[in-house]
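A.B. asks: Below is the file target18.cif, which contains mmCIF, C-alpha atoms (C1' of nucleotides).
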```cif
data_structure
#
loop_
_atom_site.label_atom_id
_atom_site.label_comp_id
_atom_site.auth_asym_id
_atom_site.auth_seq_id
_atom_site.Cartn_x
_atom_site.Cartn_y
_atom_site.Cartn_z
CA MET A 1 87.96 -4.69 68.31
CA GLN A 2 89.76 -7.75 69.67
CA PRO A 3 93.28 -8.43 68.42
CA THR A 4 93.46 -10.33 65.16
CA ARG A 5 94.79 -13.50 66.74
CA ASP A 6 91.91 -13.67 69.19
CA ARG A 7 89.36 -13.02 66.48
CA ILE A 8 90.78 -15.89 64.45
CA VAL A 9 90.64 -18.27 67.39
CA GLY A 10 87.15 -17.15 68.32
CA ALA A 11 85.78 -17.53 64.82
CA SER A 12 87.42 -20.95 64.51
CA ALA A 13 85.88 -22.12 67.75
CA GLU A 14 82.43 -21.04 66.66
CA LEU A 15 82.67 -22.68 63.25
CA LEU A 16 84.18 -25.87 64.62
CA ARG A 17 81.38 -26.15 67.13
CA ARG A 18 78.70 -25.84 64.46
CA GLN A 19 80.12 -27.80 61.54
CA GLY A 20 83.19 -29.65 62.66
CA TYR A 21 86.79 -29.70 61.49
CA ALA A 22 86.74 -30.98 57.93
CA ALA A 23 83.84 -28.83 56.83
CA THR A 24 85.42 -25.65 58.14
CA GLY A 25 87.78 -23.95 55.69
CA VAL A 26 90.56 -21.55 56.52
CA LYS A 27 89.05 -19.06 54.08
CA GLN A 28 85.76 -19.29 55.93
CA ILE A 29 87.51 -18.67 59.22
CA VAL A 30 89.30 -15.53 58.07
CA ALA A 31 86.10 -14.23 56.52
CA ALA A 32 84.21 -14.73 59.78
CA ALA A 33 87.06 -13.24 61.79
CA GLN A 34 87.52 -10.33 59.39
CA ALA A 35 91.19 -11.12 59.39
CA PRO A 36 93.76 -11.32 56.59
CA PHE A 37 94.43 -14.77 55.28
CA GLY A 38 98.16 -14.55 55.82
CA SER A 39 97.72 -13.82 59.51
CA VAL A 40 96.51 -17.35 60.11
CA TYR A 41 99.83 -18.78 59.04
CA HIS A 42 101.73 -16.05 60.79
CA PHE A 43 100.16 -16.83 64.17
CA PHE A 44 99.73 -20.55 63.57
CA PRO A 45 102.66 -21.88 61.55
CA GLY A 46 101.28 -25.34 62.14
CA GLY A 47 98.34 -24.41 59.94
CA LYS A 48 94.75 -25.41 60.31
CA GLU A 49 95.50 -28.22 62.73
CA GLN A 50 97.38 -26.04 65.20
CA LEU A 51 94.68 -23.40 64.98
CA ALA A 52 91.97 -25.96 65.63
CA ALA A 53 93.87 -27.38 68.59
CA GLU A 54 94.09 -23.97 70.18
CA ALA A 55 90.45 -23.20 69.45
CA ILE A 56 89.45 -26.46 71.10
CA ARG A 57 91.48 -25.74 74.22
CA VAL A 58 90.25 -22.16 74.51
CA SER A 59 86.58 -22.85 73.96
CA GLY A 60 86.81 -25.99 76.08
CA ALA A 61 88.25 -24.01 78.96
CA ALA A 62 85.59 -21.34 78.55
CA TYR A 63 82.82 -23.91 78.60
CA GLY A 64 84.37 -25.52 81.66
CA LEU A 65 83.90 -22.26 83.51
CA LEU A 66 80.18 -22.97 83.43
CA LEU A 67 80.73 -25.58 86.12
CA PRO A 68 81.82 -23.19 88.89
CA ALA A 69 79.50 -20.51 87.50
CA ILE A 70 76.48 -22.73 88.01
CA PHE A 71 77.49 -24.99 90.87
CA ASP A 72 79.12 -22.54 93.26
CA PRO A 73 76.22 -20.11 93.75
CA ALA A 74 73.57 -22.88 93.77
CA PRO A 75 71.95 -23.87 97.09
CA ASP A 76 72.91 -27.55 96.58
CA VAL A 77 74.47 -29.85 94.00
CA VAL A 78 71.19 -31.47 92.99
CA THR A 79 69.68 -28.13 92.03
CA ALA A 80 72.91 -27.17 90.29
CA THR A 81 72.94 -30.36 88.26
CA GLY A 82 69.42 -29.72 87.09
CA ALA A 83 70.24 -26.11 86.28
CA PHE A 84 73.26 -27.23 84.28
CA PHE A 85 71.12 -29.27 81.89
CA ALA A 86 68.31 -26.71 81.84
CA GLY A 87 70.75 -23.98 80.86
CA ALA A 88 72.18 -26.11 78.09
CA ALA A 89 68.68 -26.81 76.78
CA GLU A 90 67.79 -23.15 76.80
CA HIS A 91 70.94 -22.11 74.98
CA LEU A 92 70.37 -24.82 72.39
CA ARG A 93 66.84 -23.64 71.74
CA GLU A 94 67.96 -20.02 71.53
CA THR A 95 70.53 -20.81 68.85
CA ASP A 96 68.13 -22.93 66.81
CA TYR A 97 69.92 -26.15 67.83
CA ALA A 98 73.29 -24.98 66.56
CA ASP A 99 75.32 -24.32 69.72
CA ALA A 100 75.70 -27.44 71.78
CA CYS A 101 79.04 -28.74 73.04
CA PRO A 102 81.90 -26.69 71.60
CA ILE A 103 84.15 -29.67 70.98
CA ALA A 104 82.09 -32.85 70.68
CA THR A 105 81.68 -32.61 66.92
CA VAL A 106 85.41 -32.26 66.40
CA ALA A 107 86.13 -34.92 68.99
CA LEU A 108 84.15 -37.56 67.13
CA GLU A 109 85.43 -36.45 63.76
CA VAL A 110 89.14 -36.51 64.45
CA SER A 111 89.56 -39.10 67.19
CA SER A 112 90.75 -41.72 64.75
CA THR A 113 92.53 -39.49 62.27
CA HIS A 114 94.22 -36.48 63.89
CA PRO A 115 96.04 -37.47 67.09
CA PRO A 116 96.98 -33.92 68.14
CA LEU A 117 93.37 -32.81 67.96
CA ARG A 118 92.15 -35.91 69.75
CA GLU A 119 94.61 -35.10 72.50
CA ALA A 120 93.37 -31.53 72.78
CA CYS A 121 89.82 -32.83 73.15
CA ALA A 122 90.94 -35.37 75.71
CA GLU A 123 92.58 -32.64 77.78
CA VAL A 124 89.40 -30.58 77.72
CA PHE A 125 87.22 -33.52 78.75
CA SER A 126 89.64 -34.46 81.51
CA GLY A 127 89.48 -30.92 82.81
CA TRP A 128 85.71 -30.99 82.87
CA ILE A 129 85.68 -34.33 84.65
CA ALA A 130 88.12 -32.98 87.23
CA GLY A 131 85.97 -29.89 87.71
CA GLY A 132 82.82 -31.94 88.14
CA THR A 133 84.52 -34.34 90.51
CA GLU A 134 85.66 -31.43 92.62
CA ARG A 135 82.12 -30.05 92.92
CA PHE A 136 80.56 -33.38 93.82
CA ALA A 137 83.32 -34.14 96.31
CA ALA A 138 82.82 -30.73 97.90
CA ALA A 139 79.21 -31.72 98.45
CA GLY A 140 80.39 -34.55 100.65
CA LEU A 141 80.58 -37.47 98.27
CA PRO A 142 83.49 -39.91 98.29
CA GLU A 143 86.11 -39.16 95.65
CA ALA A 144 85.36 -42.29 93.60
CA THR A 145 81.62 -41.64 93.58
CA ALA A 146 82.16 -37.99 92.74
CA ARG A 147 84.28 -38.92 89.74
CA GLU A 148 81.75 -41.45 88.49
CA LEU A 149 78.97 -38.91 88.76
CA ALA A 150 81.06 -36.30 86.95
CA ILE A 151 81.78 -38.68 84.08
CA ALA A 152 78.16 -39.75 83.91
CA MET A 153 76.96 -36.17 83.96
CA ILE A 154 79.21 -35.08 81.11
CA ALA A 155 78.47 -38.22 79.11
CA ALA A 156 74.74 -37.72 79.57
CA LEU A 157 75.05 -34.10 78.52
CA GLU A 158 77.06 -34.93 75.41
CA GLY A 159 74.75 -37.71 74.37
CA ALA A 160 71.67 -35.61 74.99
CA PHE A 161 73.23 -32.94 72.77
CA VAL A 162 73.64 -35.47 69.96
CA LEU A 163 70.01 -36.54 70.16
CA ALA A 164 68.71 -33.03 70.71
CA ARG A 165 70.41 -31.53 67.68
CA ALA A 166 69.33 -34.36 65.40
CA LEU A 167 65.76 -34.50 66.69
CA ARG A 168 65.49 -30.74 67.15
CA SER A 169 64.02 -31.24 70.58
CA THR A 170 65.25 -30.58 74.09
CA GLU A 171 63.49 -33.63 75.47
CA PRO A 172 66.73 -35.65 75.72
CA LEU A 173 68.33 -32.86 77.74
CA ASP A 174 65.36 -32.69 80.08
CA VAL A 175 65.30 -36.46 80.59
CA ALA A 176 69.06 -36.77 81.03
CA GLY A 177 69.17 -33.83 83.44
CA GLU A 178 66.46 -35.28 85.61
CA LEU A 179 68.09 -38.69 85.65
CA ILE A 180 71.52 -37.39 86.63
CA ALA A 181 70.10 -35.06 89.27
CA ALA A 182 68.17 -37.97 90.77
CA ARG A 183 71.34 -40.05 90.78
CA VAL A 184 73.27 -37.31 92.57
CA GLN A 185 70.50 -37.05 95.15
CA ALA A 186 70.53 -40.81 95.71
CA ALA A 187 74.30 -40.81 96.12
CA LEU A 188 74.08 -38.04 98.70
CA GLU A 189 71.44 -39.88 100.69
CA ARG A 190 73.47 -43.07 100.62
CA SER A 191 76.71 -41.40 101.72
CA ALA A 192 75.08 -39.40 104.54
CA PRO A 193 71.89 -41.19 105.57
CA ALA A 194 71.65 -39.36 108.88
CA ASP A 195 71.73 -35.97 107.21
CA MET B 1 81.16 -60.55 46.28
CA GLN B 2 78.27 -58.29 47.25
CA PRO B 3 76.58 -56.27 44.51
CA THR B 4 78.26 -52.98 43.69
CA ARG B 5 75.50 -50.86 45.16
CA ASP B 6 75.70 -52.64 48.50
CA ARG B 7 79.47 -52.38 48.60
CA ILE B 8 79.23 -48.63 48.01
CA VAL B 9 76.69 -48.18 50.79
CA GLY B 10 78.67 -50.40 53.13
CA ALA B 11 81.95 -48.62 52.53
CA SER B 12 80.23 -45.25 52.94
CA ALA B 13 78.72 -46.30 56.24
CA GLU B 14 82.07 -47.43 57.57
CA LEU B 15 83.90 -44.29 56.51
CA LEU B 16 81.15 -41.98 57.76
CA ARG B 17 81.24 -43.69 61.13
CA ARG B 18 84.97 -43.21 61.51
CA GLN B 19 85.59 -39.77 60.03
CA GLY B 20 82.29 -38.09 59.37
CA TYR B 21 80.67 -36.62 56.30
CA ALA B 22 82.88 -33.75 55.21
CA ALA B 23 86.12 -35.66 55.58
CA THR B 24 84.91 -38.58 53.51
CA GLY B 25 85.43 -38.18 49.78
CA VAL B 26 83.53 -39.94 47.04
CA LYS B 27 86.84 -41.10 45.58
CA GLN B 28 87.75 -42.62 48.93
CA ILE B 29 84.42 -44.40 49.07
CA VAL B 30 84.76 -46.03 45.65
CA ALA B 31 88.32 -47.04 46.46
CA ALA B 32 87.21 -48.73 49.68
CA ALA B 33 84.24 -50.34 47.96
CA GLN B 34 86.32 -51.43 44.98
CA ALA B 35 83.64 -49.94 42.80
CA PRO B 36 83.80 -47.78 39.69
CA PHE B 37 83.44 -44.09 40.28
CA GLY B 38 80.60 -43.71 37.81
CA SER B 39 78.48 -46.26 39.62
CA VAL B 40 78.04 -43.92 42.53
CA TYR B 41 76.21 -41.41 40.39
CA HIS B 42 74.36 -44.14 38.57
CA PHE B 43 72.88 -45.55 41.78
CA PHE B 44 72.71 -42.25 43.64
CA PRO B 45 71.82 -39.44 41.25
CA GLY B 46 71.51 -37.18 44.27
CA GLY B 47 75.25 -37.52 44.74
CA LYS B 48 77.17 -37.70 47.96
CA GLU B 49 74.30 -36.43 50.07
CA GLN B 50 71.84 -39.06 48.88
CA LEU B 51 74.43 -41.77 49.34
CA ALA B 52 75.20 -40.61 52.85
CA ALA B 53 71.50 -40.49 53.74
CA GLU B 54 71.06 -44.08 52.65
CA ALA B 55 74.21 -45.20 54.44
CA ILE B 56 72.93 -43.57 57.63
CA ARG B 57 69.57 -45.27 57.40
CA VAL B 58 71.04 -48.67 56.60
CA SER B 59 73.73 -48.69 59.25
CA GLY B 60 71.34 -47.11 61.74
CA ALA B 61 68.83 -49.87 61.18
CA ALA B 62 71.55 -52.50 61.48
CA TYR B 63 72.76 -51.04 64.75
CA GLY B 64 69.19 -50.90 66.00
CA LEU B 65 68.98 -54.66 65.61
CA LEU B 66 71.37 -54.91 68.54
CA LEU B 67 68.50 -53.97 70.84
CA PRO B 68 66.39 -57.12 70.25
CA ALA B 69 69.57 -59.17 69.81
CA ILE B 70 70.72 -58.29 73.31
CA PHE B 71 67.49 -57.64 75.20
CA ASP B 72 65.31 -60.50 74.01
CA PRO B 73 67.49 -63.44 75.06
CA ALA B 74 68.61 -61.81 78.31
CA PRO B 75 67.15 -63.02 81.61
CA ASP B 76 65.99 -59.51 82.58
CA VAL B 77 66.21 -55.92 81.35
CA VAL B 78 68.74 -54.84 83.95
CA THR B 79 71.22 -57.49 82.83
CA ALA B 80 70.48 -56.62 79.21
CA THR B 81 71.13 -52.94 79.79
CA GLY B 82 74.48 -53.72 81.34
CA ALA B 83 75.35 -56.09 78.52
CA PHE B 84 74.44 -53.45 75.98
CA PHE B 85 77.07 -51.06 77.30
CA ALA B 86 79.61 -53.80 77.94
CA GLY B 87 79.29 -54.99 74.36
CA ALA B 88 79.76 -51.48 73.05
CA ALA B 89 82.87 -51.07 75.18
CA GLU B 90 84.32 -54.32 73.96
CA HIS B 91 83.72 -53.51 70.32
CA LEU B 92 85.27 -50.09 70.80
CA ARG B 93 88.39 -51.57 72.33
CA GLU B 94 88.64 -54.19 69.61
CA THR B 95 88.59 -51.58 66.87
CA ASP B 96 91.13 -49.33 68.60
CA TYR B 97 88.46 -46.78 69.49
CA ALA B 98 87.34 -46.30 65.91
CA ASP B 99 83.92 -47.96 65.74
CA ALA B 100 81.48 -46.35 68.10
CA CYS B 101 78.05 -45.12 67.04
CA PRO B 102 77.61 -45.41 63.28
CA ILE B 103 75.83 -42.10 62.91
CA ALA B 104 76.67 -39.80 65.81
CA THR B 105 79.63 -38.18 64.08
CA VAL B 106 77.57 -37.32 61.03
CA ALA B 107 74.63 -36.28 63.19
CA LEU B 108 76.64 -33.61 64.97
CA GLU B 109 78.40 -32.51 61.82
CA VAL B 110 75.40 -31.94 59.61
CA SER B 111 72.60 -31.09 62.00
CA SER B 112 72.88 -27.39 61.26
CA THR B 113 73.95 -27.55 57.63
CA HIS B 114 72.38 -30.49 55.74
CA PRO B 115 68.69 -30.86 56.57
CA PRO B 116 68.16 -34.12 54.64
CA LEU B 117 70.99 -35.79 56.52
CA ARG B 118 69.82 -34.42 59.84
CA GLU B 119 66.44 -35.90 59.10
CA ALA B 120 67.93 -39.30 58.29
CA CYS B 121 69.75 -39.24 61.62
CA ALA B 122 66.59 -38.18 63.43
CA GLU B 123 64.69 -41.11 61.92
CA VAL B 124 67.36 -43.53 63.08
CA PHE B 125 67.42 -42.13 66.60
CA SER B 126 63.62 -42.17 66.78
CA GLY B 127 63.67 -45.81 65.76
CA TRP B 128 66.15 -46.67 68.46
CA ILE B 129 64.13 -44.82 71.06
CA ALA B 130 60.99 -46.68 69.97
CA GLY B 131 62.85 -49.99 70.15
CA GLY B 132 64.18 -49.25 73.61
CA THR B 133 60.81 -48.06 74.84
CA GLU B 134 59.25 -51.28 73.61
CA ARG B 135 61.75 -53.40 75.56
CA PHE B 136 61.38 -51.47 78.78
CA ALA B 137 57.61 -51.45 78.49
CA ALA B 138 57.64 -55.19 77.91
CA ALA B 139 59.46 -55.52 81.23
CA GLY B 140 56.46 -54.01 82.95
CA LEU B 141 57.29 -50.34 83.10
CA PRO B 142 54.73 -47.64 82.31
CA GLU B 143 54.99 -46.30 78.77
CA ALA B 144 56.20 -42.85 79.83
CA THR B 145 58.88 -44.27 82.12
CA ALA B 146 59.97 -46.72 79.46
CA ARG B 147 60.41 -43.94 76.94
CA GLU B 148 62.40 -41.80 79.36
CA LEU B 149 64.69 -44.69 80.16
CA ALA B 150 65.18 -45.45 76.46
CA ILE B 151 66.12 -41.85 75.72
CA ALA B 152 68.43 -41.73 78.72
CA MET B 153 70.06 -45.01 77.76
CA ILE B 154 70.79 -43.93 74.21
CA ALA B 155 71.94 -40.48 75.31
CA ALA B 156 74.26 -42.01 77.90
CA LEU B 157 75.63 -44.41 75.31
CA GLU B 158 76.26 -41.66 72.77
CA GLY B 159 77.89 -39.38 75.29
CA ALA B 160 80.02 -42.15 76.66
CA PHE B 161 81.17 -42.86 73.11
CA VAL B 162 82.26 -39.26 72.68
CA LEU B 163 84.30 -39.34 75.87
CA ALA B 164 85.63 -42.84 75.28
CA ARG B 165 86.95 -42.13 71.81
CA ALA B 166 88.62 -38.89 72.84
CA LEU B 167 90.07 -40.27 76.07
CA ARG B 168 90.84 -43.68 74.58
CA SER B 169 89.31 -45.36 77.59
CA THR B 170 86.18 -47.39 78.15
CA GLU B 171 85.68 -45.98 81.63
CA PRO B 172 82.84 -43.67 80.51
CA LEU B 173 81.00 -46.63 78.99
CA ASP B 174 81.40 -48.66 82.16
CA VAL B 175 80.21 -45.82 84.36
CA ALA B 176 77.29 -44.90 82.11
CA GLY B 177 76.23 -48.52 81.77
CA GLU B 178 76.19 -49.06 85.48
CA LEU B 179 74.25 -45.87 86.09
CA ILE B 180 71.57 -46.64 83.53
CA ALA B 181 71.22 -50.24 84.67
CA ALA B 182 70.78 -49.04 88.24
CA ARG B 183 68.17 -46.59 87.09
CA VAL B 184 66.26 -49.31 85.26
CA GLN B 185 66.37 -51.47 88.34
CA ALA B 186 65.08 -48.64 90.52
CA ALA B 187 62.25 -47.96 88.09
CA LEU B 188 61.25 -51.61 88.13
CA GLU B 189 61.20 -51.72 91.92
CA ARG B 190 59.12 -48.57 92.08
CA SER B 191 56.56 -49.78 89.55
CA ALA B 192 56.18 -53.25 91.12
CA PRO B 193 57.20 -52.99 94.76
CA ALA B 194 55.55 -56.27 95.75
CA ASP B 195 57.46 -58.24 93.17
"C1'" DC C 1 116.22 9.93 59.65
"C1'" DG C 2 117.22 4.70 58.97
"C1'" DC C 3 116.42 0.19 60.62
"C1'" DC C 4 114.21 -3.65 62.51
"C1'" DT C 5 110.35 -6.43 63.95
"C1'" DC C 6 105.64 -7.52 63.88
"C1'" DC C 7 101.84 -7.96 61.38
"C1'" DT C 8 98.85 -7.23 57.28
"C1'" DA C 9 97.48 -8.34 52.66
"C1'" DG C 10 96.40 -11.23 49.05
"C1'" DA C 11 98.09 -13.52 44.77
"C1'" DT C 12 99.17 -17.98 43.61
"C1'" DA C 13 100.70 -22.85 43.62
"C1'" DG C 14 99.44 -27.58 43.64
"C1'" DA C 15 96.39 -30.91 45.16
"C1'" DT C 16 91.84 -32.50 45.78
"C1'" DC C 17 86.89 -31.79 45.82
"C1'" DG C 18 82.09 -33.25 43.89
"C1'" DC C 19 80.26 -34.07 39.78
"C1'" DT C 20 79.42 -34.66 34.59
"C1'" DC C 21 80.24 -36.73 30.50
"C1'" DT C 22 81.23 -40.10 26.89
"C1'" DA C 23 82.41 -44.61 25.64
"C1'" DG C 24 82.31 -49.28 26.28
"C1'" DT C 25 80.83 -53.94 28.23
"C1'" DC C 26 77.66 -57.28 29.58
"C1'" DG C 27 73.52 -60.14 29.68
"C1'" DC C 28 68.91 -60.77 28.30
"C1'" DA C 29 64.68 -60.61 25.12
"C1'" DC C 30 63.17 -61.46 20.85
"C1'" DG D 1 72.11 -62.05 15.39
"C1'" DT D 2 70.22 -57.58 16.84
"C1'" DG D 3 68.72 -54.16 20.00
"C1'" DC D 4 68.31 -52.38 24.46
"C1'" DG D 5 68.77 -51.25 29.20
"C1'" DA D 6 71.81 -51.71 33.14
"C1'" DC D 7 76.02 -51.03 34.67
"C1'" DT D 8 81.17 -50.24 34.36
"C1'" DA D 9 85.06 -47.30 33.63
"C1'" DG D 10 87.55 -43.28 34.14
"C1'" DA D 11 88.98 -38.80 31.88
"C1'" DG D 12 88.27 -34.27 32.84
"C1'" DC D 13 85.73 -29.78 34.39
"C1'" DG D 14 85.31 -25.96 37.40
"C1'" DA D 15 85.54 -24.99 42.02
"C1'" DT D 16 87.71 -25.08 46.34
"C1'" DC D 17 91.09 -26.76 49.53
"C1'" DT D 18 95.49 -25.83 52.47
"C1'" DA D 19 99.63 -23.70 52.43
"C1'" DT D 20 103.46 -20.72 50.64
"C1'" DC D 21 105.28 -16.66 48.92
"C1'" DT D 22 106.44 -11.84 48.25
"C1'" DA D 23 105.54 -7.15 49.28
"C1'" DG D 24 104.26 -3.49 52.12
"C1'" DG D 25 102.50 -0.77 56.34
"C1'" DA D 26 102.95 0.55 61.42
"C1'" DG D 27 105.47 1.71 65.21
"C1'" DG D 28 109.46 1.60 68.45
"C1'" DC D 29 114.41 2.66 69.00
"C1'" DG D 30 118.98 4.47 68.07
#
```
What do you get writing this file as structure tokens?

C.D. replies:
Amino acid sequence: MQPTRDRIVGASAELLRRQGYAATGVKQIVAAAQAPFGSVYHFFPGGKEQLAAEAIRVSGAAYGLLLPAIFDPAPDVVTATGAFFAGAAEHLRETDYADACPIATVALEVSSTHPPLREACAEVFSGWIAGGTERFAAAGLPEATARELAIAMIAALEGAFVLARALRSTEPLDVAGELIAARVQAALERSAPAD
Amino acid sequence: MQPTRDRIVGASAELLRRQGYAATGVKQIVAAAQAPFGSVYHFFPGGKEQLAAEAIRVSGAAYGLLLPAIFDPAPDVVTATGAFFAGAAEHLRETDYADACPIATVALEVSSTHPPLREACAEVFSGWIAGGTERFAAAGLPEATARELAIAMIAALEGAFVLARALRSTEPLDVAGELIAARVQAALERSAPAD
DNA sequence: CGCCTCCTAGATAGATCGCTCTAGTCGCAC
DNA sequence: GTGCGACTAGAGCGATCTATCTAGGAGGCG
């Protein structure tokens, strides 16, 4: 079994992803993690907030690894972009529309009320944007265009997740994925017309 | 002063938008609405959940009115699309990144835990999609294309809100707005090449 | 062996949660 | 005036929340 601390962080990340910060109790976390209650405050003297901040950073970093995992082995960035959305749609369907973005729920919930958690979310998003920018730039796009596409891709994914979970349909993910992939293609053609 | 019932719904909508469902207490709602506690359970025998469902529907419908308000007087749909995102960005800045989508926070929070609230959110989103489809179709686009653009527009807006609130920047809204407007333009050119 | 540190274990405090309940006020119909 | 329904008003219930507290077990080191 994983060490207690890791189990606590892992269980927190999963619960935060599904139900958000306020609705997730410390008791619920320790029950899911099969950990003693006191251990939470031993490892995280800052309490629930510190634990949530770490869970956000850890699960955000883990989710960010999907970028290289999907983009690097793909034949081209357009295919990779499409696969990115398709994979998200599949995972969402498999988990009965529960597992979308690991941090978006918390991000919206706490942005105006818990500055440390907002900052943790901001760091994660910035990391994703940097990762996406890197991939698009590696495909030959100018830095500024690459960054815009990365932001647009992540925004489209997040928004499609919102619609998909509420509507219980992957249509938004399909539509958004196609649109972003088309945009990436168009940008590539524009930046290197004589391919 | 507005009737008590309306003040309760209004205060609920505002608090739900900013902090979500779980973090918003009934006591906090009546304090903000300057209403007696008992009135909540007089008007909403279903309790907090029923109240939240109505607040979602009301504020969702109100937000949906932005679509005709912006699209109908605009010279063309491309300009309107841009203005839609620009207006959202301005409002977000004005409220110190507190007021974004009135229902997205709740939508993510409750989609897997409170079916009646998920359904209320789904109805609102469906209404917005229908409204957007109508506008794009009126501009001459085929029904299917219009619907895809409407979904993409709303998804991009929602996702940009998530990023913007966390990052405390309107850059995602600017980028997403430009991308969607360009996509609308491209669709128009494709469907009526000999303008 | 004794000692120290790290971690487990959970009882418990104090505040807050959603909600119920009773009592009272107000305006309108007759 | 009298009666009635609609609404106001908030005390208080049981449950649950986060966080603290004390006590003990496990293992390394002298």

A.B. asks: Residues of chain A within 12 Å of chain C, counting all atoms listed in the file - could you list those as a VMD selection string?

C.D. replies: chain A and resid 3 to 5 23 27 34 to 43

A.B. asks: Since I can't run it myself right now, could you work out what the PyMOL selection byres ((chain B and resi 8) around 7) selects here and report it as a list in words?

C.D. replies: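 For this structure, the PyMOL selection byres ((chain B and resi 8) around 7) resolves to Thr4, Arg5, Asp6, Arg7, Val9, Gly10, Ala11, Ser12, Ile29, Val30, Ala33 and Ala35 of chain B.
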
A.B. asks: Could you list, with a cut-off of 6 Å and counting all atoms listed in the file, the residues of chain A near chain B, each shown with its nearest atom pair and the distance in Å rounded to one decimal, rows sorted by chain and ascending number, as JSON lines?

C.D. replies:
```
{"residue": "A:Gln19", "atom": "CA", "partner": "B:Glu109", "partner_atom": "CA", "distance": 5.0}
{"residue": "A:Gly20", "atom": "CA", "partner": "B:Glu109", "partner_atom": "CA", "distance": 5.6}
{"residue": "A:Ala22", "atom": "CA", "partner": "B:Ala23", "partner_atom": "CA", "distance": 5.3}
{"residue": "A:Ala23", "atom": "CA", "partner": "B:Ala22", "partner_atom": "CA", "distance": 5.3}
{"residue": "A:Ala98", "atom": "CA", "partner": "B:Ser112", "partner_atom": "CA", "distance": 5.8}
{"residue": "A:Thr105", "atom": "CA", "partner": "B:Leu108", "partner_atom": "CA", "distance": 5.5}
{"residue": "A:Leu108", "atom": "CA", "partner": "B:Thr105", "partner_atom": "CA", "distance": 5.5}
{"residue": "A:Glu109", "atom": "CA", "partner": "B:Gln19", "partner_atom": "CA", "distance": 5.0}
{"residue": "A:Ser111", "atom": "CA", "partner": "B:Ala166", "partner_atom": "CA", "distance": 5.7}
{"residue": "A:Ser112", "atom": "CA", "partner": "B:Ala98", "partner_atom": "CA", "distance": 5.8}
{"residue": "A:Arg118", "atom": "CA", "partner": "B:Ala166", "partner_atom": "CA", "distance": 5.6}
{"residue": "A:Ala122", "atom": "CA", "partner": "B:Leu167", "partner_atom": "CA", "distance": 5.0}
{"residue": "A:Ala152", "atom": "CA", "partner": "B:Ala176", "partner_atom": "CA", "distance": 5.5}
{"residue": "A:Ala155", "atom": "CA", "partner": "B:Gly159", "partner_atom": "CA", "distance": 4.0}
{"residue": "A:Ala156", "atom": "CA", "partner": "B:Ala156", "partner_atom": "CA", "distance": 4.6}
{"residue": "A:Glu158", "atom": "CA", "partner": "B:Gly159", "partner_atom": "CA", "distance": 4.5}
{"residue": "A:Gly159", "atom": "CA", "partner": "B:Gly159", "partner_atom": "CA", "distance": 3.7}
{"residue": "A:Ala160", "atom": "CA", "partner": "B:Ala155", "partner_atom": "CA", "distance": 4.9}
{"residue": "A:Ala166", "atom": "CA", "partner": "B:Ala122", "partner_atom": "CA", "distance": 5.1}
{"residue": "A:Leu167", "atom": "CA", "partner": "B:Ala122", "partner_atom": "CA", "distance": 5.0}
{"residue": "A:Ala176", "atom": "CA", "partner": "B:Ala152", "partner_atom": "CA", "distance": 5.5}
```

A.B. asks: Could you work out which residues of chain A fall inside 8 Å of chain D? Count only C-alpha atoms (C1' of nucleotides), and format the result as a list in words.

C.D. replies: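 Residues passing the distance filter: Gly25, Val26, Gly47 and Lys48 of chain A.
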
A.B. asks: Residues picked by the PyMOL selection byres ((chain B and resi 68) around 10) here, as a ChimeraX atom specification?

C.D. replies: /B:64-67,69-74,80,131-132,134-135

A.B. asks: For a test of reading the model, state the distance in Å between atom CA of Ala139 of chain B and atom CA of Phe85 of chain B, rounded to one decimal.

C.D. replies: 18.6 Å

A.B. asks: What are the centre and the three edge lengths of an axis-aligned box that wraps all atoms of segment 8-18 of chain C in the file, given that 6 Å is added to every side, written as JSON and rounded to one decimal in Å?

C.D. replies:
```
{"center_x": 91.4, "center_y": -20.2, "center_z": 50.4, "size_x": 30.6, "size_y": 38.0, "size_z": 25.7}
```

A.B. asks: Would you compute the distance between atom CA of His114 of chain B and atom CA of Ile56 of chain B? Give it in Å to one decimal.

C.D. replies: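 According to the coordinates, atom CA of His114 of chain B and atom CA of Ile56 of chain B are separated by 13.2 Å.
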
A.B. asks: Atom CA of Thr81 of chain B and atom CA of Ile129 of chain A, how far apart in Å?

C.D. replies: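 Separation between atom CA of Ile129 of chain A and atom CA of Thr81 of chain B: 24.1 Å.
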